[in-house]
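Chemist: Below you'll find work.cif; it's mmCIF, C-alpha atoms and all ligand atoms.
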```cif
data_entry
loop_
_atom_site.group_PDB
_atom_site.id
_atom_site.type_symbol
_atom_site.label_atom_id
_atom_site.label_comp_id
_atom_site.auth_asym_id
_atom_site.auth_seq_id
_atom_site.Cartn_x
_atom_site.Cartn_y
_atom_site.Cartn_z
ATOM 1 C CA MET A 22 0.000 0.000 0.000
ATOM 2 C CA ALA A 23 1.268 3.495 -0.809
ATOM 3 C CA THR A 24 2.350 5.675 2.102
ATOM 4 C CA ASN A 25 -0.307 8.269 1.252
ATOM 5 C CA ARG A 26 -2.954 5.956 2.697
ATOM 6 C CA THR A 27 -4.341 5.414 6.158
ATOM 7 C CA PHE A 28 -6.859 3.061 7.718
ATOM 8 C CA THR A 29 -9.877 4.020 9.809
ATOM 9 C CA MET A 30 -12.791 2.454 11.623
ATOM 10 C CA LEU A 31 -15.954 4.268 12.635
ATOM 11 C CA LYS A 32 -16.410 2.534 15.965
ATOM 12 C CA PRO A 33 -19.603 1.007 17.402
ATOM 13 C CA ASP A 34 -20.535 4.108 19.449
ATOM 14 C CA ALA A 35 -20.399 6.311 16.327
ATOM 15 C CA ILE A 36 -22.723 3.957 14.446
ATOM 16 C CA GLU A 37 -25.033 3.462 17.442
ATOM 17 C CA ASN A 38 -25.309 7.225 17.954
ATOM 18 C CA GLY A 39 -26.196 7.874 14.311
ATOM 19 C CA HIS A 40 -22.988 9.705 13.395
ATOM 20 C CA MET A 41 -21.874 7.548 10.457
ATOM 21 C CA GLY A 42 -22.905 9.945 7.698
ATOM 22 C CA LYS A 43 -21.646 13.082 9.425
ATOM 23 C CA ILE A 44 -18.250 11.521 10.119
ATOM 24 C CA ILE A 45 -17.874 10.310 6.529
ATOM 25 C CA ASP A 46 -18.795 13.853 5.391
ATOM 26 C CA MET A 47 -16.031 15.303 7.592
ATOM 27 C CA ILE A 48 -13.522 12.828 6.184
ATOM 28 C CA LEU A 49 -14.413 13.679 2.567
ATOM 29 C CA ALA A 50 -14.541 17.425 3.296
ATOM 30 C CA ALA A 51 -11.000 17.184 4.680
ATOM 31 C CA GLY A 52 -9.800 15.939 1.297
ATOM 32 C CA PHE A 53 -9.549 12.187 1.850
ATOM 33 C CA SER A 54 -10.778 9.833 -0.841
ATOM 34 C CA ILE A 55 -12.143 6.375 -0.096
ATOM 35 C CA LYS A 56 -10.109 3.495 -1.515
ATOM 36 C CA ALA A 57 -11.989 0.726 0.326
ATOM 37 C CA MET A 58 -14.997 0.653 2.662
ATOM 38 C CA LYS A 59 -17.159 -1.935 4.415
ATOM 39 C CA TYR A 60 -19.893 -2.118 7.045
ATOM 40 C CA THR A 61 -19.079 -5.084 9.237
ATOM 41 C CA ARG A 62 -18.812 -6.386 12.790
ATOM 42 C CA LEU A 63 -15.576 -7.567 14.359
ATOM 43 C CA SER A 64 -15.447 -11.003 15.935
ATOM 44 C CA LYS A 65 -13.827 -11.263 19.356
ATOM 45 C CA ALA A 66 -10.764 -12.896 17.780
ATOM 46 C CA GLN A 67 -10.461 -10.102 15.200
ATOM 47 C CA ALA A 68 -10.728 -7.359 17.845
ATOM 48 C CA GLN A 69 -8.190 -9.139 20.068
ATOM 49 C CA GLU A 70 -5.763 -9.399 17.158
ATOM 50 C CA PHE A 71 -6.315 -5.849 15.904
ATOM 51 C CA TYR A 72 -5.593 -4.421 19.371
ATOM 52 C CA ALA A 73 -2.971 -7.034 20.370
ATOM 53 C CA VAL A 74 -0.435 -4.232 20.983
ATOM 54 C CA HIS A 75 -2.633 -3.186 23.945
ATOM 55 C CA SER A 76 -3.111 -6.709 25.369
ATOM 56 C CA GLU A 77 -1.236 -5.909 28.586
ATOM 57 C CA ARG A 78 -3.111 -2.650 29.204
ATOM 58 C CA PRO A 79 -5.863 -2.574 31.854
ATOM 59 C CA PHE A 80 -8.475 -1.405 29.324
ATOM 60 C CA TYR A 81 -7.883 -4.270 26.835
ATOM 61 C CA GLY A 82 -10.810 -6.488 27.870
ATOM 62 C CA GLU A 83 -13.234 -3.575 27.853
ATOM 63 C CA LEU A 84 -11.829 -2.375 24.505
ATOM 64 C CA VAL A 85 -12.399 -5.775 22.870
ATOM 65 C CA GLU A 86 -15.919 -5.973 24.310
ATOM 66 C CA TYR A 87 -16.745 -2.472 23.059
ATOM 67 C CA MET A 88 -15.265 -2.984 19.588
ATOM 68 C CA THR A 89 -17.345 -6.144 19.112
ATOM 69 C CA SER A 90 -20.552 -4.664 20.559
ATOM 70 C CA GLY A 91 -22.001 -3.623 17.203
ATOM 71 C CA PRO A 92 -21.205 -2.867 13.586
ATOM 72 C CA ILE A 93 -18.358 -0.662 12.466
ATOM 73 C CA VAL A 94 -17.364 0.978 9.190
ATOM 74 C CA ALA A 95 -13.814 0.077 8.113
ATOM 75 C CA ALA A 96 -12.119 2.106 5.389
ATOM 76 C CA ILE A 97 -8.847 2.803 3.618
ATOM 77 C CA LEU A 98 -8.389 6.507 2.902
ATOM 78 C CA GLU A 99 -6.023 8.325 0.575
ATOM 79 C CA LYS A 100 -4.591 11.832 0.744
ATOM 80 C CA ASP A 101 -1.128 13.385 0.802
ATOM 81 C CA ASN A 102 0.299 12.894 4.300
ATOM 82 C CA ALA A 103 -2.700 10.672 5.105
ATOM 83 C CA VAL A 104 -1.609 9.181 8.444
ATOM 84 C CA ALA A 105 -0.625 12.442 10.134
ATOM 85 C CA ASP A 106 -3.428 14.508 8.615
ATOM 86 C CA PHE A 107 -6.029 11.938 9.649
ATOM 87 C CA ARG A 108 -4.723 11.868 13.234
ATOM 88 C CA THR A 109 -5.099 15.658 13.237
ATOM 89 C CA LEU A 110 -8.655 15.378 11.873
ATOM 90 C CA ILE A 111 -9.725 12.854 14.537
ATOM 91 C CA GLY A 112 -8.097 14.632 17.497
ATOM 92 C CA ALA A 113 -6.755 13.309 20.798
ATOM 93 C CA THR A 114 -7.748 9.851 22.092
ATOM 94 C CA ASP A 115 -9.729 11.479 24.929
ATOM 95 C CA PRO A 116 -12.388 13.846 23.515
ATOM 96 C CA ALA A 117 -11.936 16.040 26.593
ATOM 97 C CA GLU A 118 -8.443 16.782 25.232
ATOM 98 C CA ALA A 119 -9.377 16.858 21.525
ATOM 99 C CA ALA A 120 -9.147 20.143 19.613
ATOM 100 C CA GLU A 121 -12.271 21.997 18.471
ATOM 101 C CA GLY A 122 -13.539 20.857 15.108
ATOM 102 C CA THR A 123 -12.076 17.347 15.334
ATOM 103 C CA ILE A 124 -14.164 14.214 14.853
ATOM 104 C CA ARG A 125 -13.586 13.027 18.417
ATOM 105 C CA LYS A 126 -14.381 16.463 19.870
ATOM 106 C CA ASN A 127 -17.665 16.449 17.955
ATOM 107 C CA TYR A 128 -18.723 12.826 18.284
ATOM 108 C CA ALA A 129 -16.749 10.774 20.838
ATOM 109 C CA GLU A 130 -18.449 9.838 24.116
ATOM 110 C CA ASN A 131 -15.272 9.377 26.180
ATOM 111 C CA LYS A 132 -11.672 8.116 26.005
ATOM 112 C CA GLY A 133 -12.766 4.514 25.407
ATOM 113 C CA ARG A 134 -15.853 5.053 23.244
ATOM 114 C CA ASN A 135 -14.130 7.585 21.054
ATOM 115 C CA ALA A 136 -15.968 7.261 17.721
ATOM 116 C CA VAL A 137 -13.092 6.588 15.368
ATOM 117 C CA HIS A 138 -9.784 4.802 14.840
ATOM 118 C CA GLY A 139 -6.859 6.177 12.845
ATOM 119 C CA SER A 140 -3.595 4.364 12.070
ATOM 120 C CA ASP A 141 -0.523 5.752 13.840
ATOM 121 C CA SER A 142 2.110 5.049 11.136
ATOM 122 C CA ASP A 143 2.404 4.193 7.448
ATOM 123 C CA GLU A 144 3.510 0.692 8.432
ATOM 124 C CA ASN A 145 0.462 0.106 10.644
ATOM 125 C CA ALA A 146 -1.840 1.662 8.036
ATOM 126 C CA ALA A 147 -0.709 -0.991 5.564
ATOM 127 C CA ILE A 148 -1.029 -3.830 8.102
ATOM 128 C CA GLU A 149 -4.476 -2.671 9.270
ATOM 129 C CA GLY A 150 -5.755 -2.162 5.719
ATOM 130 C CA LYS A 151 -4.727 -5.686 4.761
ATOM 131 C CA PHE A 152 -6.267 -7.032 7.964
ATOM 132 C CA HIS A 153 -9.707 -5.869 6.803
ATOM 133 C CA PHE A 154 -9.604 -5.907 3.005
ATOM 134 C CA ALA A 155 -8.666 -8.308 0.232
ATOM 135 C CA ASP A 156 -6.688 -6.794 -2.653
ATOM 136 C CA SER A 157 -9.826 -7.075 -4.823
ATOM 137 C CA GLU A 158 -11.713 -4.785 -2.399
ATOM 138 C CA ILE A 159 -9.149 -1.959 -2.564
ATOM 139 C CA PHE A 160 -9.505 0.591 -5.402
HETATM 140 N N1 LIG B 201 -8.429 3.254 25.081
HETATM 141 C C1 LIG B 201 -9.128 3.129 26.265
HETATM 142 N N2 LIG B 201 -8.573 3.664 27.412
HETATM 143 C C2 LIG B 201 -7.362 4.275 27.406
HETATM 144 C C3 LIG B 201 -6.653 4.386 26.200
HETATM 145 C C4 LIG B 201 -7.217 3.853 25.050
HETATM 146 O O1 LIG B 201 -10.225 2.577 26.304
HETATM 147 O O2 LIG B 201 -6.902 4.737 28.474
HETATM 148 C C5 LIG B 201 -9.029 2.699 23.845
HETATM 149 C C6 LIG B 201 -9.587 3.799 22.934
HETATM 150 O O3 LIG B 201 -10.751 3.288 22.276
HETATM 151 C C7 LIG B 201 -8.435 4.009 21.973
HETATM 152 C C8 LIG B 201 -7.912 2.580 21.813
HETATM 153 O O4 LIG B 201 -8.018 2.017 23.094
HETATM 154 O O5 LIG B 201 -8.856 4.608 20.766
HETATM 155 C C9 LIG B 201 -6.487 2.473 21.331
HETATM 156 O O6 LIG B 201 -5.662 3.247 22.179
HETATM 157 P P1 LIG B 201 -4.520 4.201 21.585
HETATM 158 O O7 LIG B 201 -3.680 4.648 22.728
HETATM 159 O O8 LIG B 201 -3.856 3.503 20.452
HETATM 160 O O9 LIG B 201 -5.360 5.482 21.088
HETATM 161 P P2 LIG B 201 -5.652 6.011 19.607
HETATM 162 O O10 LIG B 201 -4.467 5.663 18.746
HETATM 163 O O11 LIG B 201 -6.928 5.326 19.159
HETATM 164 O O12 LIG B 201 -5.845 7.498 19.770
HETATM 165 MG MG MG B 202 -3.490 3.881 18.435
#
```
Do you think you could lay out the structure here as structure tokens?

Modeler:
Amino acid sequence: MATNRTFTMLKPDAIENGHMGKIIDMILAAGFSIKAMKYTRLSKAQAQEFYAVHSERPFYGELVEYMTSGPIVAAILEKDNAVADFRTLIGATDPAEAAEGTIRKNYAENKGRNAVHGSDSDENAAIEGKFHFADSEIF
């Protein structure tokens, strides 16, 4: 995958709270284009694997439970400087610390149920994109 791509998930709270369309609008308005997208639900095994880097953290069990609690939207996005610009667009992990105008400031409930995922490096963007999409689903 090219380094001008990132991976995102609209998390179960965002879907449950009816924010799917508004968040996708914000992503497109910020100049990202959609290279892959699906509406799906993570299995427990998938959520455990996706967040394996956090397996020793105290919030891991709760995170896996939350991420499997309902459907998500997974997507691969493209834009110059995609990873960094998308992290700026989503804001800090905790919405209480997120800047005005960010997706998490607008739509996250709290630090755990924080509406959206964004890859933290080009390397992880590629790994996470491949985790969710077959080559034939990426455009
Ligand atoms: N998380 C949590 N409690 C914490 C930190 C993180 O529940 O104290 C959850 C939250 O949903 C977060 C995810 O674990 O988005 C991954 O954490 P990370 O530190 O990678 O934050 P992110 O990269 O999503 O901003
Ligand atoms: Mg992270």

Chemist: Go through A:Thr29, A:Ser140, A:Asn145, A:Ser90 one by one, measure the shortest atom-to-atom distance of each to Ile55 (chain A) using all atoms listed in the file, and give the residue with the smallest value.

Modeler: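 That would be A:Thr29, the residue with the smallest distance to Ile55 (chain A).
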
Chemist: Collect all residues with atoms no farther than 8 Å from ligand MG 202 (chain B), counting all atoms listed in the file, and output them as a PyMOL selection string.

Modeler: chain A and resi 138-141

Chemist: If the PyMOL selection byres (((chain A and resi 93) around 8) and not hetatm) were run on this exact file, what residues would it hold? Put them as a PyMOL selection string.

Modeler: chain A and resi 30-33+36+60-63+91-92+94-95

Chemist: Considering all atoms listed in the file, can you say which of A:Ala113, A:Ala147, A:Ile48, A:Ala129 comes closest to ligand LIG 201 (chain B)?

Modeler: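 Selected residue with least distance to ligand LIG 201 (chain B): A:Ala113.
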
Chemist: Can you work out which residues are within 10 Å of ligand LIG 201 (chain B), considering all atoms listed in the file, and then hand them over as an MDAnalysis selection string?

Modeler: chainID A and resid 29:30 32 71:72 74:75 78:85 87:88 108 111:116 125 129 131:141

Chemist: List as a list in words the protein and nucleic acid residues near Glu158 (chain A), meaning an atom at most 10 Å away when all atoms listed in the file are counted, but skip any in the same chain fewer than 2 places from it.

Modeler: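 Residues meeting the cut-off are Lys56, Ala57, Met58, Lys59, His153, Phe154, Ala155, Asp156 and Phe160 of chain A.
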
Chemist: Can you work out which one of A:Leu49, A:Ser157, A:Thr89, A:Glu77 has the shortest atom-to-atom distance to Lys65 (chain A), counting all atoms listed in the file?

Modeler: A:Thr89

Chemist: Kindly give the distance, in Å, that separates CA of Glu149 (chain A) and CA of Ala96 (chain A), rounded to a single decimal.

Modeler: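 Distance reported for this atom pair: 9.8 Å.
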
Chemist: In Å, how far is it from CA of Ser142 (chain A) to CA of Leu110 (chain A)?

Modeler: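 So the answer is 14.9 Å.
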
Chemist: So for region 148-157 of chain A, what box centre and size do we get, axis-aligned, 8 Å extra on each of the six sides, every listed atom, Å to one decimal, as AutoDock Vina command-line options?

Modeler:
```
--center_x -5.4 --center_y -5.2 --center_z 2.2 --size_x 24.8 --size_y 22.1 --size_z 30.1
```

Chemist: Which one of A:Glu70, A:Glu86, A:Asp101, A:Glu118 sits closest to Phe152 (chain A) if you count all atoms listed in the file?

Modeler: A:Glu70

Chemist: Using all atoms listed in the file, which of A:Ser76, A:Asn38, A:Gln69, A:Asn102 sits nearest Arg26 (chain A)?

Modeler: A:Asn102

Chemist: Rank A:Ile124, A:Ala146, A:Ile159, A:Ala68 by their smallest atom-to-atom distance to Met47 (chain A), using only C-alpha atoms, and report the top residue only.

Modeler: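 So, comparing all the options, the nearest one is A:Ile124.
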
Chemist: So the first atom is CA of Lys43 (chain A) and the second is CA of Ala105 (chain A); what is the distance between them in Å, to one decimal place?

Modeler: 21.0 Å

Chemist: If you apply the PyMOL selection byres (((chain A and resi 103) around 8) and not hetatm) to this file, what residues do you get, as a ChimeraX atom specification?

Modeler: /A:24-27,53,98-102,104-107
